[in-house]
Amino acid sequence: MEIKKKQLQKRSLLQDDVELFYDISQSILHSQSQLGKHQLFLLKKGSLELYEKRGKRNSSNKLLKSIYLNDRNIERINITLDDYGILNDKQLLMQLLKMFTFSKIKAIDEKKDSKLSDARKYSLKLQEQFNELQNINYALSDDVNHLYTNTSFMSLQLLMTRLENVNGNNEFGKDYRITRNIIQTISEPFFEYYNMLQLKRYPG
């Protein structure tokens, strides 16, 4: 799980593609490249250690927790401070990430192209991570459609709302799966969540 505070600016929302790609690179692409790094580390090493401080691992830097993979599934969750609405659509998010993973990005306006440097940097990282994942999971070589199926996007507000309904990791996992594979194309994450929550509670 990675959180980024970058917001979609007004210029992005006014159909300025370069500004939109810049904002996406600073939020979704940046956090996805970090999540991909953690995923690869877990798959290769089998565990991930969390320390009190960033930097050197020594006696003054307390080990807080060791997370062991133990053949569990890895989920990559993007958290943002504000709600992006449409990006909560899993299908759209997957297509967006695959586009950045397999496409070359360049602005038609040369004066604006430099603003896409970060987008290209993270795009390259996603491509490199995909190649590494292929070496670990050969199934990806045959079916790229499964790439990023373990990825979700939600705002901090929605995350806090969902945490109110759970008690512990196992319950959060169950709550998370309520909407993990459901695409409602409403672009209203709170409504979608409560809709699925009600269906779970009252299936009849």
# chains A, B, ... in the order shown; residues from 1 in each chain; ligands from 1

$ select_by_dssp --residues "chain A" --states "helix (DSSP H, G or I)" --output "PyMOL selection string"
chain A and resi 10-13+17-45+85-88+90-102+110-136+139-142+144-146+156-163+169-180+189-201

$ write_last_selection --atoms "C-alpha atoms" --output "short mmCIF file (atom, residue, chain, number, x, y, z; two decimals), in the first residue's frame"
data_model
loop_
_atom_site.label_atom_id
_atom_site.label_comp_id
_atom_site.auth_asym_id
_atom_site.auth_seq_id
_atom_site.Cartn_x
_atom_site.Cartn_y
_atom_site.Cartn_z
CA LYS A 10 -7.46 22.18 -12.74
CA ARG A 11 -5.35 22.25 -15.89
CA SER A 12 -5.41 18.45 -15.97
CA LEU A 13 -9.17 18.39 -15.62
CA ASP A 17 -3.09 15.91 -21.68
CA VAL A 18 0.46 16.86 -20.73
CA GLU A 19 -0.65 18.20 -17.34
CA LEU A 20 -2.84 15.14 -16.84
CA PHE A 21 0.03 12.75 -17.58
CA TYR A 22 2.29 14.77 -15.31
CA ASP A 23 -0.17 14.53 -12.41
CA ILE A 24 -0.67 10.82 -13.03
CA SER A 25 3.09 10.26 -13.08
CA GLN A 26 3.45 11.98 -9.69
CA SER A 27 0.68 9.94 -8.11
CA ILE A 28 -0.33 6.62 -9.66
CA LEU A 29 2.83 5.81 -11.62
CA HIS A 30 5.15 6.80 -8.80
CA SER A 31 3.32 4.73 -6.21
CA GLN A 32 2.90 1.79 -8.61
CA SER A 33 6.63 1.70 -9.28
CA GLN A 34 7.21 1.58 -5.52
CA LEU A 35 4.56 -1.10 -5.05
CA GLY A 36 6.10 -3.10 -7.87
CA LYS A 37 9.48 -2.87 -6.17
CA HIS A 38 8.00 -4.19 -2.91
CA GLN A 39 6.17 -6.97 -4.75
CA LEU A 40 9.33 -8.15 -6.49
CA PHE A 41 11.27 -8.02 -3.22
CA LEU A 42 8.63 -10.16 -1.49
CA LEU A 43 8.53 -12.66 -4.34
CA LYS A 44 12.31 -13.00 -4.39
CA LYS A 45 13.11 -12.86 -0.68
CA GLY A 85 -13.58 9.23 -8.89
CA ILE A 86 -13.18 7.56 -12.26
CA LEU A 87 -9.80 6.01 -11.39
CA ASN A 88 -11.57 3.81 -8.86
CA LYS A 90 -10.58 -1.11 -11.86
CA GLN A 91 -10.82 -1.74 -15.60
CA LEU A 92 -9.82 1.83 -16.40
CA LEU A 93 -6.96 1.74 -13.90
CA MET A 94 -5.62 -1.51 -15.36
CA GLN A 95 -5.79 -0.18 -18.91
CA LEU A 96 -4.10 3.06 -17.87
CA LEU A 97 -1.23 1.22 -16.17
CA LYS A 98 -0.78 -1.16 -19.10
CA MET A 99 -0.71 1.79 -21.47
CA PHE A 100 2.09 3.43 -19.49
CA THR A 101 3.92 0.11 -19.18
CA PHE A 102 3.99 -0.69 -22.90
CA GLU A 110 8.25 20.12 -27.83
CA LYS A 111 8.09 22.92 -25.25
CA LYS A 112 5.90 20.76 -23.01
CA ASP A 113 7.69 17.47 -23.59
CA SER A 114 10.15 17.96 -20.72
CA LYS A 115 7.24 17.83 -18.29
CA LEU A 116 6.72 14.20 -19.27
CA SER A 117 10.21 13.12 -18.17
CA ASP A 118 8.91 11.64 -14.91
CA ALA A 119 6.13 9.82 -16.75
CA ARG A 120 8.74 8.26 -19.03
CA LYS A 121 10.95 7.39 -16.05
CA TYR A 122 8.17 5.58 -14.19
CA SER A 123 6.93 4.01 -17.41
CA LEU A 124 10.38 2.49 -17.90
CA LYS A 125 10.40 1.23 -14.31
CA LEU A 126 7.02 -0.44 -14.82
CA GLN A 127 8.34 -2.09 -17.98
CA GLU A 128 11.44 -3.36 -16.17
CA GLN A 129 9.31 -4.67 -13.30
CA PHE A 130 7.01 -6.43 -15.75
CA ASN A 131 10.00 -8.16 -17.33
CA GLU A 132 11.15 -9.32 -13.89
CA LEU A 133 7.65 -10.54 -13.03
CA GLN A 134 7.61 -12.52 -16.26
CA ASN A 135 10.75 -14.35 -15.16
CA ILE A 136 9.06 -15.23 -11.87
CA ALA A 139 1.89 -17.17 -16.99
CA LEU A 140 2.23 -13.42 -17.60
CA SER A 141 4.10 -14.17 -20.81
CA ASP A 142 1.01 -15.83 -22.25
CA VAL A 144 -0.77 -9.94 -20.27
CA ASN A 145 -4.44 -9.27 -19.49
CA HIS A 146 -3.78 -10.50 -15.96
CA LEU A 156 -7.71 7.99 2.10
CA GLN A 157 -11.28 8.92 3.03
CA LEU A 158 -12.62 5.71 1.52
CA LEU A 159 -9.91 3.66 3.22
CA MET A 160 -10.78 5.16 6.61
CA THR A 161 -14.47 4.49 5.95
CA ARG A 162 -13.72 0.87 5.17
CA LEU A 163 -11.54 0.47 8.25
CA ASN A 169 -6.05 -7.85 8.94
CA ASN A 170 -8.28 -10.81 8.10
CA GLU A 171 -11.45 -8.73 8.25
CA PHE A 172 -9.87 -6.01 6.12
CA GLY A 173 -8.96 -8.65 3.54
CA LYS A 174 -12.58 -9.81 3.42
CA ASP A 175 -13.85 -6.23 3.19
CA TYR A 176 -11.35 -5.40 0.45
CA ARG A 177 -12.50 -8.36 -1.63
CA ILE A 178 -16.07 -7.03 -1.63
CA THR A 179 -15.20 -4.63 -4.45
CA ARG A 180 -11.90 -6.09 -5.69
CA PRO A 189 -16.51 4.78 -4.98
CA PHE A 190 -18.47 5.40 -1.78
CA PHE A 191 -21.77 4.47 -3.43
CA GLU A 192 -20.19 1.40 -5.03
CA TYR A 193 -18.73 0.26 -1.72
CA TYR A 194 -21.95 0.67 0.26
CA ASN A 195 -23.91 -0.92 -2.56
CA MET A 196 -21.73 -4.05 -2.44
CA LEU A 197 -21.71 -3.98 1.36
CA GLN A 198 -25.50 -4.09 1.43
CA LEU A 199 -25.57 -6.92 -1.11
CA LYS A 200 -23.21 -8.90 1.09
CA ARG A 201 -25.23 -8.27 4.25
#

$ residues_around --residues "Ile77 in chain A" --least-positions-apart "4" --cutoff "9 Å" --atoms "only C-alpha atoms" --output "PyMOL selection string"
chain A and resi 1-3+31-32+35+150-154

$ select_by_dssp --residues "range 19-204 of chain A" --states "strand (DSSP E or B)" --output "list in words"
Ser47, Leu48, Glu49, Leu50, Tyr51, Leu63, Leu64, Lys65, Ser66, Ile67, Tyr68, Arg76, Ile77, Asn78, Ile79, Thr80, Thr151, Ser152, Phe153, Met154 and Ser155 of chain A

$ atom_distance --atom1 "CA of Glu75 in chain A" --atom2 "CA of Arg57 in chain A"
26.1 Å

$ closest_residue --among "A:Ser155, A:Thr149, A:Asn165, A:Ser59" --to "Glu188 in chain A" --atoms "only C-alpha atoms"
A:Ser155

$ atom_distance --atom1 "CA of Glu49 in chain A" --atom2 "CA of Asn70 in chain A"
14.2 Å
